[in-house]
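Have a look at model-v9.txt below; it lists compact mmCIF, C-alpha atoms.
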```
# COMPACT_ATOMS: atom_id res chain seq x y z
CA MET A 73 26.31 -56.54 76.00
CA LEU A 74 23.55 -53.98 75.61
CA ARG A 75 26.19 -51.46 74.57
CA VAL A 76 27.54 -53.95 72.03
CA LYS A 77 24.00 -54.42 70.77
CA GLN A 78 23.92 -50.69 70.12
CA GLY A 79 27.13 -50.94 68.10
CA ASP A 80 29.61 -49.85 70.78
CA CYS A 81 32.94 -51.33 69.63
CA GLY A 82 34.68 -50.28 72.85
CA ALA A 83 32.24 -52.35 74.86
CA PHE A 84 32.82 -55.27 72.53
CA GLU A 85 36.57 -54.99 73.07
CA GLU A 86 35.98 -55.10 76.84
CA LEU A 87 33.87 -58.23 76.43
CA VAL A 88 36.55 -59.94 74.38
CA GLU A 89 39.22 -59.04 76.93
CA LYS A 90 37.10 -60.32 79.78
CA TYR A 91 35.95 -63.59 78.28
CA LYS A 92 38.72 -64.61 75.88
CA GLN A 93 40.41 -66.83 78.47
CA PRO A 94 37.36 -68.83 79.58
CA VAL A 95 36.26 -69.26 75.98
CA MET A 96 39.74 -70.35 74.94
CA ASN A 97 39.87 -72.79 77.86
CA MET A 98 36.68 -74.41 76.68
CA VAL A 99 37.51 -74.42 72.98
CA TYR A 100 41.09 -75.57 73.52
CA ARG A 101 39.91 -78.59 75.47
CA THR A 102 37.50 -79.50 72.68
CA LEU A 103 39.89 -78.87 69.79
CA PRO A 104 43.27 -79.26 71.44
CA ASP A 105 45.24 -77.68 68.63
CA ALA A 106 46.20 -74.24 69.93
CA THR A 107 46.06 -72.54 66.54
CA GLU A 108 42.74 -74.04 65.54
CA ALA A 109 41.33 -73.38 68.99
CA GLU A 110 42.36 -69.75 68.79
CA ASP A 111 40.86 -69.35 65.33
CA LEU A 112 37.63 -70.89 66.57
CA ALA A 113 37.61 -68.74 69.72
CA GLN A 114 37.99 -65.65 67.53
CA HIS A 115 35.13 -66.88 65.43
CA VAL A 116 33.06 -67.24 68.61
CA PHE A 117 33.50 -63.54 69.36
CA LEU A 118 32.88 -62.61 65.75
CA GLN A 119 29.65 -64.57 65.96
CA VAL A 120 28.77 -62.76 69.19
CA PHE A 121 29.22 -59.43 67.41
CA LYS A 122 27.18 -60.52 64.40
CA SER A 123 24.42 -61.97 66.58
CA ALA A 124 24.35 -59.10 69.09
CA HIS A 125 21.06 -57.82 67.66
CA ARG A 126 19.47 -61.15 68.56
CA TYR A 127 20.69 -61.11 72.15
CA GLU A 128 17.82 -61.09 74.63
CA VAL A 129 18.34 -59.06 77.77
CA SER A 130 16.70 -61.84 79.75
CA ALA A 131 19.46 -64.27 78.81
CA LYS A 132 22.61 -64.50 80.89
CA PHE A 133 25.48 -63.35 78.70
CA THR A 134 27.95 -66.05 79.70
CA THR A 135 25.37 -68.76 79.04
CA TRP A 136 24.68 -67.27 75.61
CA LEU A 137 28.41 -66.92 74.90
CA PHE A 138 29.22 -70.48 75.88
CA THR A 139 26.26 -71.81 73.92
CA ILE A 140 27.71 -70.12 70.83
CA ALA A 141 31.17 -71.46 71.66
CA ARG A 142 29.90 -74.99 72.14
CA ASN A 143 27.81 -74.93 68.98
CA LEU A 144 30.77 -73.75 66.92
CA CYS A 145 32.95 -76.46 68.46
CA LEU A 146 30.35 -79.08 67.61
CA ASN A 147 30.04 -77.73 64.07
CA GLU A 148 33.81 -77.96 63.68
CA ILE A 149 33.84 -81.51 65.00
CA ARG A 150 31.01 -82.44 62.60
CA ARG A 151 32.86 -80.79 59.73
CA ARG A 152 35.92 -82.83 60.58
CA SER A 153 33.88 -85.97 60.71
CA ARG A 154 32.67 -85.25 57.17
CA HIS A 155 36.25 -84.63 56.03
CA PRO A 156 38.19 -87.43 57.70
CA ALA A 157 41.49 -86.31 56.17
CA GLN A 158 41.31 -83.24 58.38
CA SER A 159 39.96 -85.02 61.39
CA LEU A 160 41.66 -86.29 64.49
CA ASP A 161 39.12 -89.05 64.71
CA GLU A 162 38.23 -91.85 62.38
CA THR A 163 34.58 -91.49 63.20
CA PHE A 164 32.44 -89.32 65.38
CA GLU A 165 28.95 -89.65 66.64
CA ASP A 166 27.16 -86.90 68.45
CA ASN A 167 26.33 -89.10 71.36
CA ASP A 168 26.93 -88.50 75.00
CA GLU A 169 28.20 -92.00 75.43
CA GLN A 170 30.53 -91.72 72.50
CA PRO A 171 33.66 -89.73 73.23
CA VAL A 172 34.21 -86.88 70.83
CA ARG A 173 37.88 -87.55 70.57
CA GLN A 174 39.00 -91.11 70.97
CA ALA A 175 42.70 -90.55 71.48
CA GLU A 176 43.28 -94.09 72.49
CA ASP A 177 46.49 -94.59 74.35
CA LEU A 178 47.75 -98.14 74.01
CA ARG A 179 50.80 -97.70 76.18
CA THR A 180 50.97 -99.40 79.55
CA PHE A 181 51.96 -97.21 82.40
CA SER A 182 54.09 -98.10 85.31
CA PRO A 183 54.06 -94.87 87.23
CA PRO A 184 57.18 -93.91 89.06
CA ASP A 185 57.02 -93.13 92.74
CA SER A 186 56.80 -89.44 92.12
CA LEU A 187 55.30 -87.90 89.03
CA LEU A 188 56.30 -84.49 87.93
CA HIS A 189 53.45 -82.05 88.18
CA GLY A 190 53.64 -81.37 84.44
CA GLU A 191 53.20 -85.01 83.62
CA LEU A 192 50.22 -85.33 85.92
CA GLU A 193 48.75 -82.24 84.35
CA ALA A 194 49.16 -83.84 80.94
CA LYS A 195 47.42 -86.96 82.18
CA VAL A 196 44.52 -84.93 83.50
CA GLU A 197 44.24 -83.16 80.16
CA GLU A 198 44.37 -86.48 78.36
CA ALA A 199 41.71 -88.01 80.57
CA LEU A 200 39.52 -84.94 80.06
CA ALA A 201 40.04 -85.12 76.31
CA GLU A 202 38.84 -88.71 76.27
CA LEU A 203 35.57 -87.85 77.97
CA PRO A 204 32.42 -87.48 75.88
CA GLU A 205 31.96 -83.86 74.86
CA LYS A 206 28.98 -83.23 77.12
CA GLN A 207 30.67 -84.66 80.19
CA ARG A 208 33.85 -82.69 79.53
CA THR A 209 32.00 -79.42 78.93
CA ALA A 210 29.87 -79.94 82.03
CA ILE A 211 32.91 -80.63 84.21
CA LEU A 212 34.84 -77.67 82.85
CA MET A 213 31.91 -75.31 83.29
CA CYS A 214 31.33 -76.68 86.76
CA ARG A 215 34.74 -75.46 87.93
CA GLY A 216 34.33 -72.25 89.82
CA ASP A 217 31.02 -70.61 90.54
CA GLU A 218 30.58 -68.68 87.30
CA PHE A 219 27.87 -71.05 86.12
CA SER A 220 24.96 -72.51 88.02
CA TYR A 221 23.75 -75.99 87.18
CA GLU A 222 20.84 -74.32 85.40
CA ASP A 223 23.28 -72.35 83.23
CA ILE A 224 25.28 -75.46 82.39
CA ALA A 225 22.07 -77.31 81.60
CA GLU A 226 21.02 -74.51 79.24
CA VAL A 227 24.34 -74.59 77.38
CA LEU A 228 24.21 -78.37 77.11
CA GLU A 229 20.53 -78.29 76.21
CA CYS A 230 19.52 -80.81 78.84
CA SER A 231 17.87 -80.89 82.25
CA VAL A 232 19.57 -79.96 85.51
CA SER A 233 19.39 -83.53 86.75
CA ALA A 234 20.91 -84.78 83.49
CA THR A 235 23.65 -82.19 83.90
CA LYS A 236 24.47 -83.38 87.40
CA SER A 237 24.47 -86.94 86.12
CA LEU A 238 26.89 -85.97 83.33
CA ILE A 239 29.22 -84.34 85.84
CA HIS A 240 29.05 -87.31 88.19
CA ARG A 241 29.74 -89.84 85.43
CA GLY A 242 32.53 -87.74 84.01
CA ARG A 243 34.19 -87.36 87.36
CA GLU A 244 33.93 -91.08 88.04
CA THR A 245 35.64 -91.75 84.70
CA LEU A 246 38.36 -89.23 85.52
CA LYS A 247 38.95 -90.80 88.91
CA GLN A 248 39.28 -94.22 87.34
CA LYS A 249 41.67 -93.02 84.64
CA LEU A 250 43.83 -90.98 86.97
CA LYS A 251 43.96 -93.52 89.73
CA PRO A 252 47.26 -95.08 88.56
CA TYR A 253 49.01 -91.74 88.56
CA LEU A 254 48.21 -90.68 92.07
CA LYS A 255 49.64 -92.36 95.04
CA THR A 256 47.89 -90.63 97.85
CA GLY A 257 44.73 -91.36 99.79
CA ALA A 258 42.02 -93.07 97.82
CA TRP A 259 44.14 -92.94 94.71
CA LYS A 260 46.33 -95.71 95.99
CA GLU A 261 45.75 -99.01 94.30
CA LYS A 262 43.79 -101.29 96.56
CA MET B 282 23.80 -84.69 108.68
CA ASN B 283 22.39 -87.40 106.46
CA GLU B 284 23.57 -89.02 103.22
CA SER B 285 21.83 -86.53 100.94
CA GLU B 286 23.42 -83.62 102.79
CA TYR B 287 26.77 -85.30 102.41
CA GLN B 288 26.18 -85.64 98.65
CA ALA B 289 25.15 -81.99 98.52
CA LEU B 290 28.45 -81.05 100.17
CA ILE B 291 30.35 -83.11 97.62
CA GLU B 292 28.47 -81.36 94.80
CA ALA B 293 29.23 -78.01 96.39
CA SER B 294 32.92 -78.92 96.53
CA TRP B 295 32.91 -79.43 92.75
CA ARG B 296 32.22 -75.74 92.31
CA ARG B 297 33.88 -73.98 95.26
CA SER B 298 35.77 -74.39 98.49
CA LEU B 299 33.55 -75.46 101.36
CA THR B 300 32.81 -72.91 104.05
CA ASP B 301 34.14 -73.50 107.55
CA ASP B 302 30.72 -74.64 108.68
CA GLU B 303 30.37 -77.03 105.75
CA GLN B 304 33.88 -78.37 106.31
CA ALA B 305 33.12 -78.96 110.00
CA ARG B 306 29.94 -80.85 109.16
CA LEU B 307 31.82 -82.88 106.56
CA ASP B 308 34.59 -83.74 109.01
CA ALA B 309 31.98 -84.87 111.50
CA TRP B 310 30.34 -87.05 108.85
CA LEU B 311 33.68 -88.58 107.87
CA ARG B 312 34.51 -89.34 111.51
CA ALA B 313 31.18 -91.10 111.81
CA HIS B 314 31.58 -92.85 108.46
CA PRO B 315 35.21 -93.80 107.91
CA GLU B 316 34.22 -95.78 104.81
CA ALA B 317 33.40 -92.49 103.09
CA HIS B 318 36.88 -91.15 103.69
CA ASN B 319 38.37 -92.63 100.51
CA GLU B 320 35.54 -91.27 98.40
CA TRP B 321 35.96 -87.79 99.81
CA GLU B 322 39.72 -87.96 99.36
CA ALA B 323 39.25 -88.86 95.70
CA GLU B 324 36.72 -86.08 95.19
CA SER B 325 38.86 -83.42 96.83
CA THR B 326 41.98 -84.52 94.95
CA LEU B 327 40.15 -84.38 91.64
CA ASN B 328 38.79 -80.96 92.57
CA ARG B 329 42.33 -79.78 93.21
CA LEU B 330 43.59 -81.20 89.92
CA LEU B 331 40.79 -79.59 87.93
CA GLU B 332 41.31 -76.26 89.68
CA GLN B 333 44.99 -76.41 88.88
CA LEU B 334 44.48 -77.02 85.18
CA PRO B 335 46.42 -74.32 83.41
CA ASP B 336 44.70 -71.78 81.20
CA ALA B 337 44.86 -72.40 77.48
CA PRO B 338 47.47 -70.27 75.72
CA VAL B 339 46.00 -67.07 74.30
CA ALA B 340 47.95 -64.90 71.86
CA SER B 341 48.66 -61.40 73.10
CA ASN B 342 47.08 -59.97 69.96
CA PHE B 343 43.92 -62.07 70.32
CA THR B 344 41.63 -59.10 70.97
CA ALA B 345 43.21 -57.06 68.18
CA ARG B 346 42.69 -59.92 65.73
CA VAL B 347 39.07 -60.29 66.78
CA LEU B 348 38.51 -56.57 66.27
CA GLN B 349 40.18 -56.76 62.85
CA ALA B 350 37.95 -59.67 61.93
CA VAL B 351 34.92 -57.66 63.05
CA GLU B 352 36.03 -54.71 60.91
CA ARG B 353 36.56 -56.96 57.90
CA GLU B 354 33.16 -58.53 58.47
CA SER B 355 31.49 -55.13 58.77
CA ALA B 356 33.17 -53.92 55.57
CA ALA B 357 32.21 -57.10 53.74
CA ALA B 358 28.64 -56.79 54.97
CA ALA B 359 28.52 -53.18 53.74
CA ARG B 360 29.83 -54.27 50.33
CA ARG B 361 27.30 -57.09 50.21
CA ASP B 362 24.49 -54.66 51.03
CA SER B 363 25.58 -52.17 48.38
CA LYS B 364 25.61 -54.62 45.52
CA SER B 365 23.05 -56.99 46.81
CA ILE B 366 20.01 -55.17 45.42
CA PHE B 367 21.28 -55.40 41.85
CA ASP B 368 22.46 -58.96 42.37
CA ARG B 369 19.21 -60.02 43.95
CA VAL B 370 17.20 -58.53 41.09
CA LYS B 371 19.52 -60.18 38.60
CA GLN B 372 19.33 -63.51 40.37
CA TRP B 373 15.59 -63.22 40.77
CA PHE B 374 15.16 -62.33 37.11
CA TRP B 375 16.96 -65.46 35.98
CA ARG B 376 15.01 -67.84 38.16
CA PRO B 377 12.52 -70.02 36.19
CA ALA B 378 9.30 -68.60 37.61
CA PRO B 379 10.23 -64.93 37.19
CA ARG B 380 11.56 -65.69 33.73
CA MET B 381 8.21 -67.15 32.76
CA ALA B 382 6.48 -64.20 34.39
CA TRP B 383 8.63 -61.79 32.42
CA ALA B 384 8.00 -63.70 29.20
CA LEU B 385 4.27 -63.61 29.89
CA LEU B 386 4.39 -59.89 30.62
CA VAL B 387 6.27 -59.19 27.38
CA ALA B 388 3.75 -61.34 25.44
CA VAL B 389 0.83 -59.48 27.01
CA LEU B 390 2.42 -56.11 26.22
CA LEU B 391 3.08 -57.15 22.62
CA GLY B 392 -0.49 -58.41 22.28
CA PHE B 393 -1.87 -55.20 23.75
CA GLY B 394 0.31 -53.10 21.42
CA TYR B 395 -0.82 -55.10 18.39
CA HIS B 396 -4.45 -54.72 19.45
CA GLN B 397 -4.01 -50.96 19.87
CA HIS B 398 -2.37 -50.75 16.45
CA GLN B 399 -5.25 -52.64 14.84
CA THR B 400 -7.77 -50.39 16.60
CA ASN B 401 -5.99 -47.29 15.28
CA VAL B 402 -5.88 -48.66 11.72
CA ARG B 403 -9.58 -49.48 11.84
CA GLY B 404 -10.35 -46.02 13.24
CA GLU B 405 -8.44 -44.30 10.45
CA MET B 406 -10.19 -46.47 7.89
CA ALA B 407 -13.58 -45.56 9.33
CA THR B 408 -12.69 -41.86 9.23
CA GLY B 409 -11.65 -42.16 5.57
CA LEU B 410 -14.87 -43.94 4.70
CA SER B 411 -16.97 -41.25 6.39
CA VAL B 412 -15.16 -38.55 4.36
CA LEU B 413 -15.89 -40.45 1.20
CA ALA B 414 -19.52 -40.73 2.22
CA ASN B 415 -19.70 -36.94 2.66
CA VAL B 416 -18.10 -36.40 -0.76
CA ALA B 417 -20.85 -38.50 -2.30
CA THR B 418 -23.48 -36.02 -1.00
CA LEU B 419 -21.92 -32.89 -2.68
CA SER B 420 -23.76 -31.01 -5.52
CA GLY B 421 -23.05 -31.77 -9.15
CA PRO B 422 -20.02 -30.47 -11.21
CA ALA B 423 -22.08 -27.50 -12.61
CA VAL B 424 -21.70 -25.78 -9.27
CA LEU B 425 -17.97 -25.57 -9.92
CA GLN B 426 -18.09 -24.02 -13.45
CA ASP B 427 -16.85 -20.53 -12.25
CA PHE B 428 -14.47 -22.04 -9.72
CA GLU B 429 -11.28 -21.04 -11.52
CA ALA B 430 -12.41 -17.42 -12.10
CA ILE B 431 -13.40 -17.05 -8.47
CA GLU B 432 -10.14 -18.55 -7.37
CA ARG B 433 -8.20 -16.09 -9.54
CA LEU B 434 -10.06 -13.17 -7.95
CA GLY B 435 -8.70 -14.24 -4.63
CA LYS B 436 -5.18 -14.28 -6.06
CA SER B 437 -5.24 -10.74 -7.65
CA ALA B 438 -2.26 -8.51 -6.73
CA PRO B 439 -2.79 -5.47 -4.43
CA GLY B 440 -1.61 -3.25 -7.30
CA ASP B 441 -4.71 -4.10 -9.32
CA ASP B 442 -6.96 -2.91 -6.52
CA GLU B 443 -5.10 0.39 -6.21
CA GLU B 444 -5.27 0.94 -9.98
CA LEU B 445 -9.02 0.26 -9.96
CA TYR B 446 -9.46 2.65 -7.03
CA ALA B 447 -7.55 5.42 -8.87
CA LEU B 448 -9.75 4.99 -11.99
CA LEU B 449 -12.92 5.17 -9.92
CA GLN B 450 -11.79 8.45 -8.27
CA LYS B 451 -11.41 10.04 -11.67
```

Encoded form using structure tokens:
Amino acid sequence: MLRVKQGDCGAFEELVEKYKQPVMNMVYRTLPDATEAEDLAQHVFLQVFKSAHRYEVSAKFTTWLFTIARNLCLNEIRRRSRHPAQSLDETFEDNDEQPVRQAEDLRTFSPPDSLLHGELEAKVEEALAELPEKQRTAILMCRGDEFSYEDIAEVLECSVSATKSLIHRGRETLKQKLKPYLKTGAWKEK
Amino acid sequence: MNESEYQALIEASWRRSLTDDEQARLDAWLRAHPEAHNEWEAESTLNRLLEQLPDAPVASNFTARVLQAVERESAAAARRDSKSIFDRVKQWFWRPAPRMAWALLVAVLLGFGYHQHQTNVRGEMATGLSVLANVATLSGPAVLQDFEAIERLGKSAPGDDEELYALLQK
């Protein structure tokens, strides 16, 4: 990043190559339209390039990058909320308790004995999409050991304990929503 | 192991696979607390599902498009910089406060110019008056009775002088 700060385009290309997938994963699960997500992810890197002069060496790059990504996602969601014709949602409130995308599914499910992996995957994605933005972002960033709880807390602009609480609540919601689709262990209906 | 350590292991499992030692301690806890088995099963299954989430699709030309966007942005920024000074001055000039300032400046300059002009006119008038005052102190017209003869002497041709000189030599 220091090389990028000095105007090294090669270094910037390396950064994009290295982080395009994690950024896309995050953006895609906030704006689940692949084209829009890709446009936004590109904008994230463009913003990184434009803001490189403001980057502080003391800051962890991935935390800074994901803060930019999250802020742009939130801006896009707010923009959509101001222009409902372009929005997936009728309304949106920037509230942890209020899901960012309320893709309400009114169907009733009667899961077959064995679900195809692809279908289960889709259900996981759907359940994730229905989580409030902060819970979803916290859970996604929590996968793997790239980010500490402190890093996640910094991106979400909240305390570490609040971050853990977000993850816990989000996971509880996921477990509840996915329970009907899993027939093993604790996932069995009692 | 106590309850808080068990919770810490669950939190650790959210982020990574447990080490052998951690797994052994967890197994021991679950043997001692069979009621926790379902909870752990749910946690580990969810961990697996989240780990298995596929990556979002990324276009093969993603990086190239980002670099193109950066180039376009850099070029646009350069263009903005090059014309921005003129535009900023123009914009600034047409804002209300600068407009009033400019109007005031022009008024002050006009006033100063008019004042200078008046000063010059008065100066010239004073000079003229002083000349007239000097004329009033000259001698009377009798002093000028041979003026024309004297003036003619000054205008005599060189030939006259040479002729006079030749006569005197004789």

Identify, on the basis of all atoms listed in the file, every residue whose closest approach to A:Gly242 does not exceed 10 Å; exclude the query and any residue fewer than 6 positions from it along the same chain; express the result as a list in words.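 Non-adjacent residues within range: Ala199, Leu200, Leu203, Pro204, Glu205, Lys206, Gln207, Arg208, Thr209, Ala210, Ile211, Lys236 and Gln248 of chain A.
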
Pull out every residue of chain A that has at least one atom within 7 Å of chain B, counting all atoms listed in the file, and report them as a list in words.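 Listed by rising number, the hits are Glu85, Val88, Glu89, Gln93, Met96, Asn97, Tyr100, Gln114, Phe117, Leu118, Glu193, Cys214, Arg215, Gly216, Asp217, Gly257, Ala258 and Trp259 of chain A.
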
Output C-alpha atoms of each residue in that selection to a file, as a tab-separated table (two decimals), keeping the file's coordinate frame.
```tsv
chain	number	residue	atom	x	y	z
A	85	GLU	CA	36.57	-54.99	73.07
A	88	VAL	CA	36.55	-59.94	74.38
A	89	GLU	CA	39.22	-59.04	76.93
A	93	GLN	CA	40.41	-66.83	78.47
A	96	MET	CA	39.74	-70.35	74.94
A	97	ASN	CA	39.87	-72.79	77.86
A	100	TYR	CA	41.09	-75.57	73.52
A	114	GLN	CA	37.99	-65.65	67.53
A	117	PHE	CA	33.50	-63.54	69.36
A	118	LEU	CA	32.88	-62.61	65.75
A	193	GLU	CA	48.75	-82.24	84.35
A	214	CYS	CA	31.33	-76.68	86.76
A	215	ARG	CA	34.74	-75.46	87.93
A	216	GLY	CA	34.33	-72.25	89.82
A	217	ASP	CA	31.02	-70.61	90.54
A	257	GLY	CA	44.73	-91.36	99.79
A	258	ALA	CA	42.02	-93.07	97.82
A	259	TRP	CA	44.14	-92.94	94.71
```

What does the structure give for the distance between atom CA of B:Ala313 and atom CA of B:Thr300, in Å to one decimal?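 Atom-to-atom, atom CA of B:Ala313 and atom CA of B:Thr300 are spaced 19.8 Å apart.
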
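Between atom CA of B:Glu303 and atom CA of B:Ala317 the separation is 16.0 Å.
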
For atom CA of A:Asp105 and atom CA of A:Ala201, the interatomic separation in Å (one decimal): 11.9 Å
